[in-house]
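Colleague: Got a structure here, written out as structure tokens. Questions coming.
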Amino acid sequence: MIYTSEESEKQAAVQTANMMLAAARTAPKACGVDLIESIILDCEDKARLTATMREMGEGGKTFFIRDAANIDACHCVVIIGTSVEPRGLNCGLCGADDCAAASKDGVSCAMSVNDLGIAVGSAAAKAMDCRMDNRIMFSVGMVALKLKLFSDNVKICFGIGLAATGKNVFFDRPAFNCPS
């Protein structure tokens, strides 16, 4: 059987995505509590994601349209999220006096946010180990939440597009000028 480069590259992206989910799962978690959820999208599900990203970009946030074009050029996208419930450490890192105050005021637990950052970083590092072009995007995470791709517990997530192409699809994307 002959495998074309295109078929093999897509398979490699999905295999890398699977390893990225394992890397996110095994990343260290505060208090040993694992609140991370991860998914992989390709084909029609990825197209639905990018269509919604474009819709969100129509409202003036044009970086959603730019990011949708990047995800369109990807073989698949990994999305990693977490709930933000307090861990009971009463550390105050979130800015609240204690976990009870944080819960009452709807403040995200800094430990959960930190765990998500470590999980996303571990996943991106695994993609790099596989020499798979990738980029972490908060816009993908926002749309994943809007589309309810995760359980209701997940409140914050990020997406990582994966592409195995002759030119990095993320390399010369236009900058978005944030308003001052």
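Letters for chains follow the order of the structure tokens (A, B, ...), residue numbers begin at 1 for each chain, and ligand numbers begin at 1 in the order shown.
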Please build the interface table for range 19-60 of chain A against range 141-147 of chain A with a cut-off of 9 Å, listing for each qualifying residue the nearest atom pair and the distance in Å to one decimal; count only C-alpha atoms, order rows by chain and increasing number, and write it as a tab-separated table.

Modeller:
```
residue	atom	partner	partner_atom	distance
A:Leu49	CA	A:Val143	CA	6.8
A:Thr50	CA	A:Val143	CA	8.6
A:Thr52	CA	A:Val143	CA	6.8
A:Met53	CA	A:Val143	CA	6.3
A:Met56	CA	A:Val143	CA	8.2
```

Colleague: Could you go through range 17-174 of chain A and tell me which residues DSSP, when run on the backbone, assigns to alpha helix (DSSP H), listing them as a ChimeraX atom specification?

Modeller: /A:17-26,43-57,63-72,99-105,110-129,138-146

Colleague: Write out as number ranges by chain the residues lying within 12 Å of Met111 in chain A, counting only C-alpha atoms and excluding same-chain residues fewer than 3 positions away.

Modeller: A: 28-36, 82-94, 99, 107-108, 114-118

Colleague: Enumerate the residues of range 7-148 of chain A with a DSSP assignment of strand (DSSP E), computed from the backbone, and present them as a list in words.

Modeller: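 The residues of range 7-148 of chain A classed as strand (DSSP E) are Ile36, Glu37, Ser38, Ile39, Ile40, Leu41, Cys76, Val77, Val78, Ile79, Ile80, Gly81, Thr82, Asp133, Asn134, Arg135, Ile136 and Met137 of chain A.
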
Colleague: Grab the residues selected above and save them as a short mmCIF file (atom, residue, chain, number, x, y, z; two decimals), in the first residue's frame with C-alpha atoms.

Modeller:
```cif
data_model
loop_
_atom_site.label_atom_id
_atom_site.label_comp_id
_atom_site.auth_asym_id
_atom_site.auth_seq_id
_atom_site.Cartn_x
_atom_site.Cartn_y
_atom_site.Cartn_z
CA ILE A 36 -8.56 19.12 33.27
CA GLU A 37 -10.75 18.11 30.30
CA SER A 38 -9.32 17.71 26.78
CA ILE A 39 -10.69 17.03 23.30
CA ILE A 40 -9.47 16.79 19.70
CA LEU A 41 -11.45 18.21 16.77
CA CYS A 76 -6.75 19.09 13.84
CA VAL A 77 -7.04 21.16 17.00
CA VAL A 78 -6.55 20.15 20.62
CA ILE A 79 -8.67 21.99 23.19
CA ILE A 80 -7.86 21.81 26.89
CA GLY A 81 -10.04 23.27 29.64
CA THR A 82 -10.62 23.32 33.36
CA ASP A 133 3.69 23.23 13.99
CA ASN A 134 1.33 24.51 16.67
CA ARG A 135 -0.02 27.63 18.29
CA ILE A 136 -1.94 28.16 21.52
CA MET A 137 -5.07 30.30 20.98
#
```

Colleague: For Lys155 in chain A, which residue out of A:Val113, A:Ala68, A:Ala51, A:Val140 is the nearest one, using only C-alpha atoms?

Modeller: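 Of the candidates, the smallest distance to Lys155 in chain A is held by A:Val113.
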
Colleague: Please identify every residue of range 118-158 of chain A that has at least one atom no farther than 12 Å from an atom of range 6-14 of chain A, counting only C-alpha atoms, and for each give the shortest atom pair and the distance in Å to one decimal, arranged by chain then increasing number, as a tab-separated table.

Modeller:
```
residue	atom	partner	partner_atom	distance
A:Lys126	CA	A:Ala13	CA	11.5
A:Ala127	CA	A:Ala13	CA	8.7
A:Met128	CA	A:Ala13	CA	11.5
A:Cys130	CA	A:Ala12	CA	8.7
A:Arg131	CA	A:Ala13	CA	10.0
A:Met132	CA	A:Ala13	CA	7.1
A:Asp133	CA	A:Ala13	CA	9.3
A:Asn134	CA	A:Ala13	CA	10.0
```
